[in-house]
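This report concerns only the one structure given below.
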Amino acid sequence: MTLLPTVLITGASSGIGATYAERFARRGHNLVLVARDRARLETLAARLRADNGVTVDVLPADLTHPADLIAIETRLRDDDRIGILVNNAGLSQSGGFAQQNASAIDGLVTLNITALTRLAAAVTPRFVQSGTGAIVNIGSVVGFLPEFGMAIYGATKAFVLFLSQSLHLELSPHGVYVQAVLPAATRTEIWARAGIDVSTMPDMMEVGELVDAALAGFDRRETVTIPALHVAERWDALEGARQGLLSDLKQVHAAERYLRQG
Ligand SMILES: NC(=O)C1=CN([C@@H]2O[C@H](COP(=O)(O)OP(=O)(O)OC[C@H]3O[C@@H](n4cnc5c(N)ncnc54)[C@H](OP(=O)(O)O)[C@@H]3O)[C@@H](O)[C@H]2O)C=CC1
Ligand SMILES: CC(=O)[C@H](N)C(=O)O
């Protein structure tokens with residue numbers, strides 16, 4: 001019998017991360033759960049062990065604290081049972097760019113970008129060496145929608161998309177699967193945590209539906225999964241247009257329109 005890979009999930013104490021934990025446990029995967037709230041992680045872990053007979057380790061960590069981040073990197077490097085990383089922990093933003101202060105910016109960028117990137121980097125050499133493994137990065141549709149007015153949050157999610165697409169190109173030849181999941185508004189605690197009254201929001205997807213769709217994309221080995229996008233060809237067209245730019249970049253000279261004065 002092939003042993004299923006253990007799944008390490010960040011931000012597993014609530015919302016999308018907790019739902020991934022539930023779904024992977026139901027599939028029979030052992031889990032490592034990471035978030036700050038030890039009590040919530042322990043409660044979830046106890047339920048998942050009892051319901052599914054899987055092993056669940058709890059690793060409380062604040063991924064914006066250097067020592068905690070190093071501890072999770074070390075676990076990812078050293079524990080060769082871990083074959084799937086779900087890079088999910090993230091924070092949202094309230095207010096416009098003009099309302100942000102230094103500590104809010106640091107917190108957002110450190111969690112959404114630095115921690116996610118370092119955890120992916122910690123596990124990658126081992127995955128490449130074994131020729132297997134999967135990295136799931138949770139982005140957002142806001143990452144390609146500056147119109148939503150969440151400049152820093154959206155920029156962190158644009159980073160997640162770019163990183164995931166780049167890692168897909170680099171790592172898929174080595175047998176490593178990389179998926180970017182881009183949810184649209186989903187009913188979780190993220191809104192309240194950002195000080196946003198969820199009752200002011202238009203309709204949202206329920207978190208179970210979001211994660212089930214993301215896992216359907218995972219099972220199909222999609223590179224980019226956008227559960228709320230109903231016309232898949234829109235994404236294909238955007239990607240086609242982006243790749244088309246490549247053939248029109250001629251870097252020896254500036255384009256003719258810039259050689260004219262005025
Ligand atoms: N809900 C939505 O509408 C959307 C969400 N997303 C993305 O989905 C991901 C999950 O968010 P969602 O489930 O909605 O939100 P939740 O607020 O429910 O979950 C966030 C998780 O991250 C953990 N977390 C927060 N800060 C830290 C930290 N410093 N260190 C470690 N863990 C931390 C929280 O646990 P704890 O407090 O215990 O640390 C919690 O488990 C995020 O990356 C978000 O950007 C993307 C698009 C839409
Ligand atoms: C969770 C958010 O704040 C954001 N609007 C998103 O949809 O990603």
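Chain lettering (A, B, ...) mirrors the order of the structure tokens, residue numbering begins at 1 for each chain separately, and ligand numbering begins at 1 in order of display.
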Problem set entry | Nearby polymer residues, ligand 1, at most 6 Å, only C-alpha atoms and all ligand atoms, as an MDAnalysis selection string | chainID A and resid 11:17 35:37 61:64 88:92 138:140 183:190
Convert the current residue selection to file output with C-alpha atoms, as an mmCIF file, in the first residue's frame.
```cif
data_model
loop_
_atom_site.group_PDB
_atom_site.id
_atom_site.type_symbol
_atom_site.label_atom_id
_atom_site.label_comp_id
_atom_site.auth_asym_id
_atom_site.auth_seq_id
_atom_site.Cartn_x
_atom_site.Cartn_y
_atom_site.Cartn_z
ATOM 1 C CA GLY A 11 -3.270 29.131 8.806
ATOM 2 C CA ALA A 12 -5.071 25.915 9.724
ATOM 3 C CA SER A 13 -6.917 27.222 12.794
ATOM 4 C CA SER A 14 -9.829 28.716 10.828
ATOM 5 C CA GLY A 15 -11.399 29.350 7.430
ATOM 6 C CA ILE A 16 -9.797 28.001 4.286
ATOM 7 C CA GLY A 17 -6.863 26.358 6.108
ATOM 8 C CA ALA A 35 -1.162 28.817 13.138
ATOM 9 C CA ARG A 36 -0.794 30.996 16.239
ATOM 10 C CA ASP A 37 -3.817 29.774 18.197
ATOM 11 C CA ALA A 61 3.775 29.471 15.240
ATOM 12 C CA ASP A 62 3.526 33.135 14.437
ATOM 13 C CA LEU A 63 4.956 33.160 10.924
ATOM 14 C CA THR A 64 5.880 36.832 11.249
ATOM 15 C CA ASN A 88 -2.482 29.460 3.197
ATOM 16 C CA ALA A 89 -1.883 31.749 6.208
ATOM 17 C CA GLY A 90 -2.654 35.307 5.186
ATOM 18 C CA LEU A 91 -3.978 38.639 6.330
ATOM 19 C CA SER A 92 -6.164 41.121 4.520
ATOM 20 C CA ILE A 138 -3.321 30.627 -1.715
ATOM 21 C CA GLY A 139 -3.495 33.897 -3.665
ATOM 22 C CA SER A 140 -6.610 35.914 -4.451
ATOM 23 C CA PRO A 183 -10.342 32.625 -4.210
ATOM 24 C CA ALA A 184 -12.794 35.502 -4.576
ATOM 25 C CA ALA A 185 -14.685 36.706 -1.489
ATOM 26 C CA THR A 186 -15.271 33.701 0.754
ATOM 27 C CA ARG A 187 -17.073 33.584 4.109
ATOM 28 C CA THR A 188 -14.284 33.285 6.714
ATOM 29 C CA GLU A 189 -12.932 35.229 9.666
ATOM 30 C CA ILE A 190 -10.545 37.213 7.476
#
```
For this session: Mind listing the strand (DSSP E or B) residues of stretch 77-159 of chain A, per DSSP on the backbone, as a list in words?
Result: Ile82, Gly83, Ile84, Leu85, Val86, Asn87, Ala134, Ile135, Val136, Asn137 and Ile138 of chain A
Those same residues, written as a short mmCIF file (atom, residue, chain, number, x, y, z; two decimals), in the first residue's frame with N, CA and C atoms?
```cif
data_model
loop_
_atom_site.label_atom_id
_atom_site.label_comp_id
_atom_site.auth_asym_id
_atom_site.auth_seq_id
_atom_site.Cartn_x
_atom_site.Cartn_y
_atom_site.Cartn_z
N ILE A 82 6.43 14.75 4.85
CA ILE A 82 5.62 15.87 4.34
C ILE A 82 5.82 15.96 2.83
N GLY A 83 4.73 15.73 2.09
CA GLY A 83 4.80 15.75 0.63
C GLY A 83 3.92 16.82 0.00
N ILE A 84 3.13 17.51 0.84
CA ILE A 84 2.27 18.59 0.33
C ILE A 84 2.36 19.75 1.31
N LEU A 85 2.65 20.94 0.78
CA LEU A 85 2.63 22.17 1.58
C LEU A 85 1.47 23.03 1.10
N VAL A 86 0.55 23.37 2.03
CA VAL A 86 -0.51 24.33 1.69
C VAL A 86 -0.16 25.64 2.37
N ASN A 87 0.32 26.60 1.57
CA ASN A 87 0.76 27.90 2.02
C ASN A 87 -0.45 28.82 2.03
N ALA A 134 4.06 18.57 -3.71
CA ALA A 134 3.14 19.61 -4.20
C ALA A 134 3.17 20.82 -3.27
N ILE A 135 3.14 21.99 -3.89
CA ILE A 135 3.07 23.25 -3.15
C ILE A 135 1.81 23.98 -3.61
N VAL A 136 0.91 24.23 -2.66
CA VAL A 136 -0.34 24.94 -2.96
C VAL A 136 -0.23 26.32 -2.32
N ASN A 137 -0.26 27.37 -3.14
CA ASN A 137 -0.16 28.74 -2.63
C ASN A 137 -1.52 29.42 -2.77
N ILE A 138 -2.02 29.96 -1.66
CA ILE A 138 -3.32 30.63 -1.72
C ILE A 138 -3.12 32.11 -2.03
#
```
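Atom CA of A:Met150 sits 6.4 Å away from atom CA of A:Gly96.
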For this session: From a DSSP calculation on the backbone, collect every residue of stretch 49-241 of chain A in alpha helix (DSSP H) and output the set as an MDAnalysis selection string.
Result: chainID A and resid 49:52 66:78 102:109 116:130 151:171 190:193 207:219 232:241
